[in-house]
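Visitor: Here's a structure for you.
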Amino acid sequence: MLLSELIKELDYEIVKGNADVDITEVFYDSRKAVKSGLYVAISGAVVDGHSFIDQVVESGAAAVLVEKDIEVSGDVAVIKVADTRLGLACVSAAYFGHPASKLKTIGITGTKGKTTTTYMVKSILENAGIKTGLIGTIETIIGDKHIPASNTTPESYVVQQSFKEMVDEGIECVVMEVSSQGLMLNRVAGFTFDYGIFTNLSPDHIGPNEHKDFEDYLSCKAKLFKQCKVGIFNGDSKYYDDIVKDATCDILTFGEGEGHDYNASDVKLTNNEGVLGVSYKLDGKLSGEVDVPVPGDFSVYNSLTAIAICDAFNVSFDKIKEALLSVRVKGRVELVNVSPRFSVMIDYAHNAMSLESLLTSLRRYNPKRLVCLFGCGGNRSRDRRFEMGEISSKYADLTIVTSDNPRNEEPSAIIEDILVGVKKCDGEYVTIPDRKDAIRYAIENAVDGDVIILAGKGHEDYQEINGVKHHMDEREIVADVKKDGNFIK
């Protein structure tokens with residue numbers, strides 16, 4: 001493909017050479033340099049890709065895309081743009097043949113609920129016969145292929161590459177999580193979403209190498225709604241007006257009460273032999289009763305989001321309801337079958353905000369005891385440890401303090417920090433540093449009516465200690481305890 005075709009959608013300056021160069025491949029990692037390739041130099045937070053231009057030229061690159069004034073030796077075309085991340089997105093879309101134009105694209109943004117909602121949407125659409133791909137925090141799914149994720153929203157080249165594979169696989173639709181970082185770094189630039197979804201907003205991801213303040217975080221989320229045809233919004237969010245004020249899309253809303261396109265009312269908590277969930281009455285564009293076997297108020301909003309999206313695809317309400325009954329998301333309030341006497345759930349809650357939301361939601365089910373097992377990651381803010389300890393002690397009857405990913409810190413030091421917060425409230429607690437032992441303790445000491453939450457690891461199947469990831473899947477640990485136990489009656 002000619003370089004001129006790859007950069008056609010960009011505002012650019014030809015600094016050296018010309019654009020009539022044949023390009024065989026696009027790359028942004030200098031270690032993957034190829035002869036006759038186009039190298040896109042990204043100014044990263046840690047490494048500046050401009051530093052490796054001489055290296056890729058020596059490897060035979062035919063052109064480089066830069067955003068800085070830099071001397072480049074050799075017979076190579078140099079194209080300058082204002083933002084090479086945006087450049088990478090547009091070039092990648094062109095390189096892969098603009099695959100998003102051959103798919104129905106759904107982007108979901110918000111502080112919470114993205115992962116669960118993407119799986120709900122995929123489940124409903126596929127149940128209706130619409131072959132659907134997924135890109136998210138846990139994995140990318142392309143047909144039968146599951147690719148573990150390293151970022152909630154992958155780099156733009158990977159997004160476009162995945163879209164192309166989906167098109168080749170005969171997939172009709174893709175639903176993806178769109179993080180604030182992904183929007184800020186132009187990872188989803190270069191195409192227009194058919195549908196953009198706003199779930200909710202709370203202060204998060206604010207700090208070094210993330211967002212400078214909440215206003216920046218909010219403005220990045222809002223970018224999605226200048227890049228989609230139809231926006232579907234949580235109309236109950238106190239930030240609704242801020243998110244929609246500059247939106248250029250058509251608007252639909254969902255929420256509890258009245259006045260939305262999709263309204264939930266008469267919300268009830270359900271408990272079917274330890275399977276906690278919610279039910280509600282739906283009216284607006286669709287009317288009827290909805291049951292979701294996932295606990296918490298957030299399940300109402302997650303399911304409303306999925307219903308609104310799938311209604312836009314003309315999926316029948318009966319098929320939507322049927323699919324919602326079987327939705328399970330790994331590591332998101334994931335029920336693990338242990339005993340009808342009590343409930344055991346695995347959840348990714350790994351900060352104070354998500355843990356408080358989870359525990360307050362579960363508390364409404366009036367468990368005999370609410371048991372919260374968690375640890376905190378090493379080489380991360382100590383404030384998170386104090387906050388999570390306090391939240392757990394405030395809302396759980398029993399807190400089991402253990403390890404998460406200690407990384408390069410001593411687990412005992414992390415636990416001591418957590419206990420500072422735990423001791424600020426009155427909940428009972430125990431400390432069991434080995435997570436496997438802690439899980440065994442929680443289950444073997446469960447009483448009838450308990451709700452046990454294993455928090456922090458979620459979908460992860462490893463524990464990182466001193467830079468090494470060791471296999472550890474909580475589902476396997478629970479299964480071993482169940483197999484050995486005599487408490488299941």
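Residues are referred to by chain and number: the chain letter is A, B, ... according to the order shown in the structure tokens, the number counts from 1 in that chain, and ligands are numbered separately from 1 in the order shown.
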Run DSSP on the backbone and grab whatever in stretch 145-247 of chain A lands in strand (DSSP E or B); send it over as a ChimeraX atom specification.
Guide: /A:145-148,173-177,193-198,206,211,228-234
Visitor: Take the residues just selected and output them with C-alpha atoms as a short mmCIF file (atom, residue, chain, number, x, y, z; two decimals), in the first residue's frame.
Guide:
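out_24.cif, written as the output of this step:
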```cif
data_model
loop_
_atom_site.label_atom_id
_atom_site.label_comp_id
_atom_site.auth_asym_id
_atom_site.auth_seq_id
_atom_site.Cartn_x
_atom_site.Cartn_y
_atom_site.Cartn_z
CA LYS A 145 -10.37 -17.50 19.93
CA HIS A 146 -9.86 -15.91 23.37
CA ILE A 147 -6.88 -13.56 23.71
CA PRO A 148 -5.99 -12.41 27.27
CA CYS A 173 -20.85 -6.80 15.46
CA VAL A 174 -18.24 -5.92 18.08
CA VAL A 175 -18.83 -4.68 21.61
CA MET A 176 -15.86 -3.18 23.42
CA GLU A 177 -14.91 -1.46 26.64
CA PHE A 193 -18.87 3.99 16.65
CA ASP A 194 -22.41 3.04 15.71
CA TYR A 195 -23.34 3.12 19.41
CA GLY A 196 -21.64 4.77 22.37
CA ILE A 197 -22.72 3.87 25.90
CA PHE A 198 -22.29 5.78 29.18
CA ILE A 206 -6.61 10.35 38.72
CA HIS A 211 -5.72 12.01 34.51
CA CYS A 228 -20.64 7.82 17.72
CA LYS A 229 -23.91 7.90 15.83
CA VAL A 230 -26.21 7.00 18.73
CA GLY A 231 -25.46 7.56 22.42
CA ILE A 232 -27.18 5.53 25.14
CA PHE A 233 -26.84 7.18 28.56
CA ASN A 234 -27.50 6.45 32.23
#
```
Visitor: Return as a compact mmCIF listing (two decimals) with C-alpha atoms, in the first residue's frame the full set of residues in stretch 3-170 of chain A whose backbone-based DSSP assignment is alpha helix (DSSP H).
Guide:
```
# COMPACT_ATOMS: atom_id res chain seq x y z
CA LEU A 3 2.23 5.73 2.10
CA SER A 4 -0.02 8.42 0.57
CA GLU A 5 -3.03 6.12 1.06
CA LEU A 6 -2.13 5.34 4.65
CA ILE A 53 14.29 6.07 14.67
CA ASP A 54 17.94 5.54 13.64
CA GLN A 55 17.61 1.89 14.66
CA VAL A 56 14.49 1.26 12.56
CA VAL A 57 15.96 3.09 9.57
CA GLU A 58 19.01 0.82 9.74
CA THR A 84 1.40 10.35 16.41
CA ARG A 85 -1.09 8.43 18.57
CA LEU A 86 -3.89 9.86 16.45
CA GLY A 87 -1.70 9.18 13.45
CA LEU A 88 -1.27 5.53 14.43
CA ALA A 89 -5.04 5.10 14.78
CA CYS A 90 -5.80 6.56 11.35
CA VAL A 91 -2.92 4.78 9.63
CA SER A 92 -3.89 1.45 11.23
CA ALA A 93 -7.50 1.82 10.11
CA ALA A 94 -6.33 2.43 6.54
CA TYR A 95 -3.74 -0.37 6.65
CA LYS A 114 -18.19 -1.85 31.39
CA THR A 115 -17.00 -5.44 31.63
CA THR A 116 -20.27 -6.96 32.79
CA THR A 117 -22.28 -5.01 30.25
CA THR A 118 -20.07 -6.06 27.33
CA TYR A 119 -20.61 -9.72 28.19
CA MET A 120 -24.34 -9.17 28.64
CA VAL A 121 -24.57 -7.54 25.22
CA LYS A 122 -22.51 -10.26 23.55
CA SER A 123 -24.61 -12.97 25.16
CA ILE A 124 -27.91 -11.40 24.10
CA LEU A 125 -26.84 -10.63 20.53
CA GLU A 126 -25.40 -14.09 19.97
CA ASN A 127 -28.51 -15.66 21.47
CA SER A 156 -5.20 1.47 18.16
CA TYR A 157 -3.20 -0.83 15.84
CA VAL A 158 -4.36 -3.86 17.86
CA VAL A 159 -7.96 -2.61 17.86
CA GLN A 160 -7.96 -2.31 14.06
CA GLN A 161 -6.15 -5.64 13.66
CA SER A 162 -8.81 -7.29 15.84
CA PHE A 163 -11.58 -5.67 13.82
CA LYS A 164 -10.02 -7.04 10.63
CA GLU A 165 -9.83 -10.56 12.09
CA MET A 166 -13.46 -10.28 13.15
CA VAL A 167 -14.52 -9.28 9.65
CA ASP A 168 -12.55 -12.20 8.20
```
Visitor: Which neighbours of A:Leu286 fall inside 12 Å, counting only C-alpha atoms, when residues of the same chain fewer than 4 positions from it are skipped, and could you give them as a list in words?
Guide: Phe254, His260, Asp261, Tyr262, Asn263, Ala264, Lys281, Leu282, Val290, Leu304, Ile307, Ala308, Cys310, Asp311, Ala312, Asn314, Val315, Ser316, Phe317, Asp318, Ile320 and Lys321 of chain A
Visitor: Please produce a file of those selected residues containing N, CA and C atoms, as a PDB file, in the first residue's frame.
Guide:
```pdb
ATOM      1  N   PHE A 254     -31.546   5.546  29.865  1.00  0.00           N
ATOM      2  CA  PHE A 254     -32.116   4.489  30.695  1.00  0.00           C
ATOM      3  C   PHE A 254     -31.937   4.897  32.152  1.00  0.00           C
ATOM      4  N   HIS A 260     -37.332   8.123  31.135  1.00  0.00           N
ATOM      5  CA  HIS A 260     -36.264   7.584  30.302  1.00  0.00           C
ATOM      6  C   HIS A 260     -36.853   6.764  29.158  1.00  0.00           C
ATOM      7  N   ASP A 261     -36.037   6.473  28.178  1.00  0.00           N
ATOM      8  CA  ASP A 261     -36.488   5.591  27.102  1.00  0.00           C
ATOM      9  C   ASP A 261     -36.648   4.158  27.595  1.00  0.00           C
ATOM     10  N   TYR A 262     -35.853   3.788  28.604  1.00  0.00           N
ATOM     11  CA  TYR A 262     -35.936   2.467  29.229  1.00  0.00           C
ATOM     12  C   TYR A 262     -35.953   2.680  30.748  1.00  0.00           C
ATOM     13  N   ASN A 263     -37.111   2.404  31.370  1.00  0.00           N
ATOM     14  CA  ASN A 263     -37.302   2.678  32.800  1.00  0.00           C
ATOM     15  C   ASN A 263     -37.424   1.386  33.596  1.00  0.00           C
ATOM     16  N   ALA A 264     -36.704   1.318  34.713  1.00  0.00           N
ATOM     17  CA  ALA A 264     -36.841   0.194  35.647  1.00  0.00           C
ATOM     18  C   ALA A 264     -37.566   0.686  36.896  1.00  0.00           C
ATOM     19  N   LYS A 281     -39.578  -4.237  36.959  1.00  0.00           N
ATOM     20  CA  LYS A 281     -40.537  -3.992  35.895  1.00  0.00           C
ATOM     21  C   LYS A 281     -39.919  -3.003  34.921  1.00  0.00           C
ATOM     22  N   LEU A 282     -39.964  -3.314  33.638  1.00  0.00           N
ATOM     23  CA  LEU A 282     -39.424  -2.444  32.596  1.00  0.00           C
ATOM     24  C   LEU A 282     -40.560  -1.811  31.814  1.00  0.00           C
ATOM     25  N   VAL A 290     -38.299  -8.285  34.170  1.00  0.00           N
ATOM     26  CA  VAL A 290     -36.920  -8.689  33.879  1.00  0.00           C
ATOM     27  C   VAL A 290     -36.315  -9.338  35.117  1.00  0.00           C
ATOM     28  N   LEU A 304     -30.097  -2.829  32.053  1.00  0.00           N
ATOM     29  CA  LEU A 304     -30.803  -1.798  31.280  1.00  0.00           C
ATOM     30  C   LEU A 304     -29.960  -1.352  30.085  1.00  0.00           C
ATOM     31  N   ILE A 307     -30.102  -4.091  27.531  1.00  0.00           N
ATOM     32  CA  ILE A 307     -31.430  -4.127  26.907  1.00  0.00           C
ATOM     33  C   ILE A 307     -31.562  -3.023  25.865  1.00  0.00           C
ATOM     34  N   ALA A 308     -31.112  -1.808  26.223  1.00  0.00           N
ATOM     35  CA  ALA A 308     -31.221  -0.675  25.304  1.00  0.00           C
ATOM     36  C   ALA A 308     -30.425  -0.924  24.023  1.00  0.00           C
ATOM     37  N   CYS A 310     -29.458  -3.861  22.746  1.00  0.00           N
ATOM     38  CA  CYS A 310     -29.982  -4.984  21.963  1.00  0.00           C
ATOM     39  C   CYS A 310     -31.338  -4.655  21.344  1.00  0.00           C
ATOM     40  N   ASP A 311     -32.109  -3.781  21.987  1.00  0.00           N
ATOM     41  CA  ASP A 311     -33.345  -3.322  21.369  1.00  0.00           C
ATOM     42  C   ASP A 311     -33.039  -2.534  20.098  1.00  0.00           C
ATOM     43  N   ALA A 312     -31.933  -1.773  20.112  1.00  0.00           N
ATOM     44  CA  ALA A 312     -31.529  -1.029  18.913  1.00  0.00           C
ATOM     45  C   ALA A 312     -31.192  -1.980  17.764  1.00  0.00           C
ATOM     46  N   ASN A 314     -32.929  -4.610  17.258  1.00  0.00           N
ATOM     47  CA  ASN A 314     -34.208  -5.274  16.982  1.00  0.00           C
ATOM     48  C   ASN A 314     -34.267  -6.705  17.493  1.00  0.00           C
ATOM     49  N   VAL A 315     -33.528  -6.971  18.573  1.00  0.00           N
ATOM     50  CA  VAL A 315     -33.625  -8.283  19.219  1.00  0.00           C
ATOM     51  C   VAL A 315     -34.938  -8.323  19.989  1.00  0.00           C
ATOM     52  N   SER A 316     -35.674  -9.416  19.892  1.00  0.00           N
ATOM     53  CA  SER A 316     -36.967  -9.499  20.575  1.00  0.00           C
ATOM     54  C   SER A 316     -36.779  -9.465  22.088  1.00  0.00           C
ATOM     55  N   PHE A 317     -37.755  -8.918  22.777  1.00  0.00           N
ATOM     56  CA  PHE A 317     -37.677  -8.803  24.238  1.00  0.00           C
ATOM     57  C   PHE A 317     -37.588 -10.182  24.884  1.00  0.00           C
ATOM     58  N   ASP A 318     -38.263 -11.168  24.320  1.00  0.00           N
ATOM     59  CA  ASP A 318     -38.203 -12.522  24.878  1.00  0.00           C
ATOM     60  C   ASP A 318     -36.782 -13.078  24.809  1.00  0.00           C
ATOM     61  N   ILE A 320     -34.032 -11.287  24.686  1.00  0.00           N
ATOM     62  CA  ILE A 320     -33.215 -10.501  25.624  1.00  0.00           C
ATOM     63  C   ILE A 320     -33.355 -11.074  27.028  1.00  0.00           C
ATOM     64  N   LYS A 321     -34.591 -11.305  27.461  1.00  0.00           N
ATOM     65  CA  LYS A 321     -34.824 -11.820  28.820  1.00  0.00           C
ATOM     66  C   LYS A 321     -34.217 -13.210  28.996  1.00  0.00           C
TER      67      LYS A 321
END
```
Visitor: Between atom CA of A:Arg380 and atom CA of A:Arg407, what is the distance, to one decimal in Å?
Guide: 9.5 Å
Visitor: Would you compute the distance between atom CA of A:Thr111 and atom CA of A:Ser179? Give it in Å to one decimal.
Guide: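 Rounded to one decimal, the two atoms are 8.3 Å apart.
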Visitor: Between A:Val292, A:Ala82, A:Ile414, A:Leu276, which is the closest to A:Asn366 once you count only C-alpha atoms?
Guide: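 Among the listed residues, the smallest separation from A:Asn366 belongs to A:Leu276.
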Visitor: Excluding same-chain residues fewer than 4 positions from A:Ser354, what lies within 12 Å of it counting only C-alpha atoms, as a ChimeraX atom specification?
Guide: /A:111-113,201-204,298,332-333,347-350,358-361,384,387-388,391-392,455-456
Visitor: Could the residues in this selection be saved with C-alpha atoms as a PDB file, in the first residue's frame?
Guide:
```
ATOM      1  CA  THR A 111     -16.219   4.027  35.726  1.00  0.00           C
ATOM      2  CA  LYS A 112     -18.025   0.796  36.552  1.00  0.00           C
ATOM      3  CA  GLY A 113     -20.065  -1.787  34.700  1.00  0.00           C
ATOM      4  CA  LEU A 201     -19.001   8.109  36.555  1.00  0.00           C
ATOM      5  CA  SER A 202     -17.094   8.330  39.831  1.00  0.00           C
ATOM      6  CA  PRO A 203     -13.642   9.786  40.607  1.00  0.00           C
ATOM      7  CA  ASP A 204     -11.045   7.246  39.484  1.00  0.00           C
ATOM      8  CA  PHE A 298     -25.627  -2.111  39.554  1.00  0.00           C
ATOM      9  CA  ARG A 332     -17.562  -9.879  38.250  1.00  0.00           C
ATOM     10  CA  VAL A 333     -19.821 -10.900  41.154  1.00  0.00           C
ATOM     11  CA  ASP A 347     -15.201 -10.136  42.282  1.00  0.00           C
ATOM     12  CA  TYR A 348     -12.534  -7.821  40.914  1.00  0.00           C
ATOM     13  CA  ALA A 349     -13.266  -5.035  43.436  1.00  0.00           C
ATOM     14  CA  HIS A 350      -9.758  -3.750  44.134  1.00  0.00           C
ATOM     15  CA  LEU A 358     -20.172  -4.236  46.214  1.00  0.00           C
ATOM     16  CA  LEU A 359     -20.514  -4.653  49.968  1.00  0.00           C
ATOM     17  CA  THR A 360     -23.392  -2.185  50.373  1.00  0.00           C
ATOM     18  CA  SER A 361     -25.247  -3.953  47.575  1.00  0.00           C
ATOM     19  CA  ARG A 384      -5.824   2.309  48.915  1.00  0.00           C
ATOM     20  CA  GLU A 387      -9.343   2.916  52.576  1.00  0.00           C
ATOM     21  CA  MET A 388     -10.190  -0.668  51.656  1.00  0.00           C
ATOM     22  CA  ILE A 391     -14.607   0.029  54.057  1.00  0.00           C
ATOM     23  CA  SER A 392     -14.484  -3.717  54.655  1.00  0.00           C
ATOM     24  CA  ALA A 455     -12.419  -9.605  46.391  1.00  0.00           C
ATOM     25  CA  GLY A 456      -9.574  -8.166  44.372  1.00  0.00           C
TER      26      GLY A 456
END
```
Visitor: Write out as a PyMOL selection string which residues come within 12 Å of A:Lys457 when counting only C-alpha atoms, dropping same-chain ones fewer than 4 positions away.
Guide: chain A and resi 138+330-334+345-351+373-377+402-405+435+453+461-464+472-475
